[in-house]
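Below is one structure, written out as structure tokens; comments come after it.
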Amino acid sequence: MEGNGNSTLTVEGDVPQPVKSKSFQSLSNYGKALLNTPLRLMDRVMTRSTDEMELVEVKKRSQHEMKKKLSWWDLIWFGMGSVIGSGIFVLTGLEVKNDVGPAVVLSYVISGISAMLSVFCYTEFAVEIPVAGGSFAYLRVELGDFVAFIAAGNIILEYVISNAAVARSWTSYFATLCNKDSDKFLILANGLADSYNMLDPIAVVVLSIVCVIAVLSTKGSSRFN
């Protein structure tokens with residue numbers, strides 16, 4: 001069998017044998033491939049997915065049909081669980097006390113309007129493109145692969161930072177519950193820079209448990225939440 005020149009296989013009996021891409025078969029081919037790199041990169045930047053691709057082709061790649069497990073009740077509590085925690089009960093209170101004061105009401109109004117506009121956008125996208133994948137899948141169709149790639153990187157960065165902050169706050173809550181100082185259960189690591197030398201094993205355990213529950217079952221995550 002031979003593909004499009006990017007990745008090919010020859011078959012001897014029942015054992016597929018890999019064949020080098022055409023780009024690596026000669027020095028001249030490699031030079032041509034290098035010259036075509038800017039055009040190929042621009043093609044990827046400008047390429048946009050289609051409704052048919054997201055609804056049919058992407059589903060075929062996974063080879064598993066995703067079942068609907070969450071109800072409107074689950075979604076409400078997921079929303080509650082995502083905002084109630086260290087963000088509201090710790091950071092917001094400190095900012096209001098030390099810097100903002102009564103003007104925090106205006107911040108809530110602005111954030112509420114922003115959230116409402118996001119709801120309208122997601123609703124429109126979900127009706128037009130009823131697929132799993134959230135903002136990444138929608139952006140692939142509306143603005144292209146490159147914008148979706150940037151958004152995916154931002155989402156991963158958001159999850160890494162926010163989950164670490166919430167897990168650290170969980171340890172502080174637990175220490176306070178035990179009538180201890182908030183840093184009581186942290187481990188001081190010698191040789192590291194200040195502010196980076198306090199290790200939090202409880203936060204690691206909490207994140208590991210939550211990760212396992214999230215991977216095992218979406219419905220289970222909802223119940224746990």
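As shown in the structure tokens, the chain order sets the letters A, B, ...; within each chain, residues go from 1, and ligands are also counted from 1 in the order they appear.
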Quiz prompt | Within 10 Å of stretch 201-216 of chain A using only C-alpha atoms, minus same-chain residues under 4 positions, as a list in words | solution = Asn163, Ala164, Ala165, Val166, Ala167, Arg168, Ser169, Trp170, Thr171, Ser172, Phe174, Phe185, Leu186, Ile187, Gly220, Ser221, Ser222, Phe224 and Asn225 of chain A
Saved selection, atoms kept: C-alpha atoms, as a short mmCIF file (atom, residue, chain, number, x, y, z; two decimals), in the first residue's frame:
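Final output, out04.cif:
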```
data_model
loop_
_atom_site.label_atom_id
_atom_site.label_comp_id
_atom_site.auth_asym_id
_atom_site.auth_seq_id
_atom_site.Cartn_x
_atom_site.Cartn_y
_atom_site.Cartn_z
CA ASN A 163 -5.88 23.48 40.08
CA ALA A 164 -2.56 24.03 41.83
CA ALA A 165 -3.93 27.11 43.61
CA VAL A 166 -7.12 25.33 44.69
CA ALA A 167 -5.20 22.28 45.93
CA ARG A 168 -2.88 24.52 47.94
CA SER A 169 -5.88 26.29 49.46
CA TRP A 170 -7.37 22.91 50.35
CA THR A 171 -4.31 22.19 52.48
CA SER A 172 -4.72 25.56 54.22
CA PHE A 174 -7.46 21.39 56.34
CA PHE A 185 1.64 20.64 56.82
CA LEU A 186 4.07 22.07 54.29
CA ILE A 187 7.55 20.56 53.98
CA GLY A 220 -19.05 9.81 39.12
CA SER A 221 -17.29 13.17 39.01
CA SER A 222 -20.68 14.87 39.11
CA PHE A 224 -18.49 13.50 43.92
CA ASN A 225 -18.78 17.20 43.14
#
```
Quiz item: Any idea what's packed within 12 Å of A:Ala152, counting only C-alpha atoms, ignoring anything in its chain fewer than 2 positions away? Could you give it as a PyMOL selection string?
Solution: chain A and resi 133-140+145-150+154-159
Quiz item: Could you name the residues that touch stretch 32-48 of chain A at 7 Å or less, counting only C-alpha atoms, but leaving out those on the same chain fewer than 2 positions away, as number ranges by chain?
Solution: A: 23, 28-30, 50, 140-141, 143-146
Let's have the selection written as a compact mmCIF listing (two decimals), in the first residue's frame, with all heavy atoms.
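Here's the written file result.txt:
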```txt
# COMPACT_ATOMS: atom_id res chain seq x y z
N SER A 23 9.92 12.84 1.24
CA SER A 23 10.74 14.00 1.56
C SER A 23 12.16 13.61 1.96
O SER A 23 13.09 14.40 1.85
CB SER A 23 10.11 14.80 2.71
OG SER A 23 8.82 15.25 2.35
N SER A 28 17.49 16.39 -2.72
CA SER A 28 16.69 17.38 -3.45
C SER A 28 15.24 17.40 -2.95
O SER A 28 14.63 18.47 -2.81
CB SER A 28 16.72 17.09 -4.95
OG SER A 28 16.19 15.79 -5.22
N ASN A 29 14.69 16.20 -2.67
CA ASN A 29 13.34 16.14 -2.14
C ASN A 29 13.25 16.83 -0.78
O ASN A 29 12.27 17.50 -0.46
CB ASN A 29 12.88 14.69 -2.00
CG ASN A 29 12.51 14.07 -3.33
OD1 ASN A 29 12.49 14.76 -4.36
ND2 ASN A 29 12.23 12.80 -3.34
N TYR A 30 14.30 16.63 0.01
CA TYR A 30 14.32 17.26 1.34
C TYR A 30 14.37 18.79 1.21
O TYR A 30 13.70 19.51 1.95
CB TYR A 30 15.52 16.75 2.13
CG TYR A 30 15.54 17.22 3.57
CD1 TYR A 30 14.64 16.71 4.50
CD2 TYR A 30 16.46 18.18 3.99
CE1 TYR A 30 14.66 17.15 5.82
CE2 TYR A 30 16.49 18.61 5.30
CZ TYR A 30 15.58 18.10 6.21
OH TYR A 30 15.60 18.53 7.51
N THR A 50 -14.86 21.78 9.37
CA THR A 50 -16.24 21.90 8.90
C THR A 50 -17.17 21.17 9.87
O THR A 50 -16.74 20.35 10.68
CB THR A 50 -16.41 21.31 7.50
OG1 THR A 50 -16.10 19.90 7.55
CG2 THR A 50 -15.49 21.99 6.50
N ARG A 140 -12.27 25.59 16.01
CA ARG A 140 -11.76 24.93 14.79
C ARG A 140 -12.65 25.23 13.59
O ARG A 140 -12.17 25.40 12.47
CB ARG A 140 -11.68 23.42 15.00
CG ARG A 140 -10.40 22.94 15.65
CD ARG A 140 -10.52 21.50 16.09
NE ARG A 140 -10.96 20.63 15.02
CZ ARG A 140 -10.14 20.01 14.15
NH1 ARG A 140 -8.84 20.20 14.27
NH2 ARG A 140 -10.59 19.22 13.22
N VAL A 141 -13.95 25.29 13.84
CA VAL A 141 -14.89 25.55 12.76
C VAL A 141 -15.00 27.03 12.45
O VAL A 141 -15.00 27.45 11.29
CB VAL A 141 -16.28 24.97 13.12
CG1 VAL A 141 -17.31 25.32 12.05
CG2 VAL A 141 -16.19 23.46 13.29
N LEU A 143 -12.99 29.80 13.52
CA LEU A 143 -11.81 30.65 13.32
C LEU A 143 -10.59 29.90 12.80
O LEU A 143 -9.59 30.53 12.47
CB LEU A 143 -11.45 31.36 14.63
CG LEU A 143 -12.51 32.32 15.17
CD1 LEU A 143 -12.08 32.89 16.51
CD2 LEU A 143 -12.80 33.44 14.18
N GLY A 144 -10.62 28.57 12.78
CA GLY A 144 -9.51 27.82 12.22
C GLY A 144 -8.68 27.07 13.23
O GLY A 144 -8.79 27.27 14.45
N ASP A 145 -7.81 26.18 12.72
CA ASP A 145 -7.02 25.30 13.57
C ASP A 145 -6.01 26.06 14.43
O ASP A 145 -5.76 25.70 15.58
CB ASP A 145 -6.25 24.29 12.70
CG ASP A 145 -7.18 23.26 12.08
OD1 ASP A 145 -8.36 23.22 12.47
OD2 ASP A 145 -6.74 22.50 11.20
N PHE A 146 -5.41 27.12 13.87
CA PHE A 146 -4.37 27.83 14.61
C PHE A 146 -4.94 28.51 15.85
O PHE A 146 -4.37 28.41 16.94
CB PHE A 146 -3.69 28.86 13.71
CG PHE A 146 -2.59 29.61 14.38
CD1 PHE A 146 -1.37 29.00 14.66
CD2 PHE A 146 -2.76 30.94 14.75
CE1 PHE A 146 -0.34 29.68 15.28
CE2 PHE A 146 -1.74 31.63 15.38
CZ PHE A 146 -0.54 31.01 15.65
```
Quiz item: Interatomic distance between atom CA of A:Trp72 and atom CA of A:Tyr108?
Solution: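 That distance, rounded to one decimal, is 24.6 Å.
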Practice problem: Apply DSSP to the structure's backbone, then extract all residues of stretch 41-222 of chain A labelled alpha helix (DSSP H) and return them as a PyMOL selection string. | Solution: chain A and resi 41-46+51-52+58-62+72-83+86+93-95+104-128+134-142+145-177+201-216+218-222
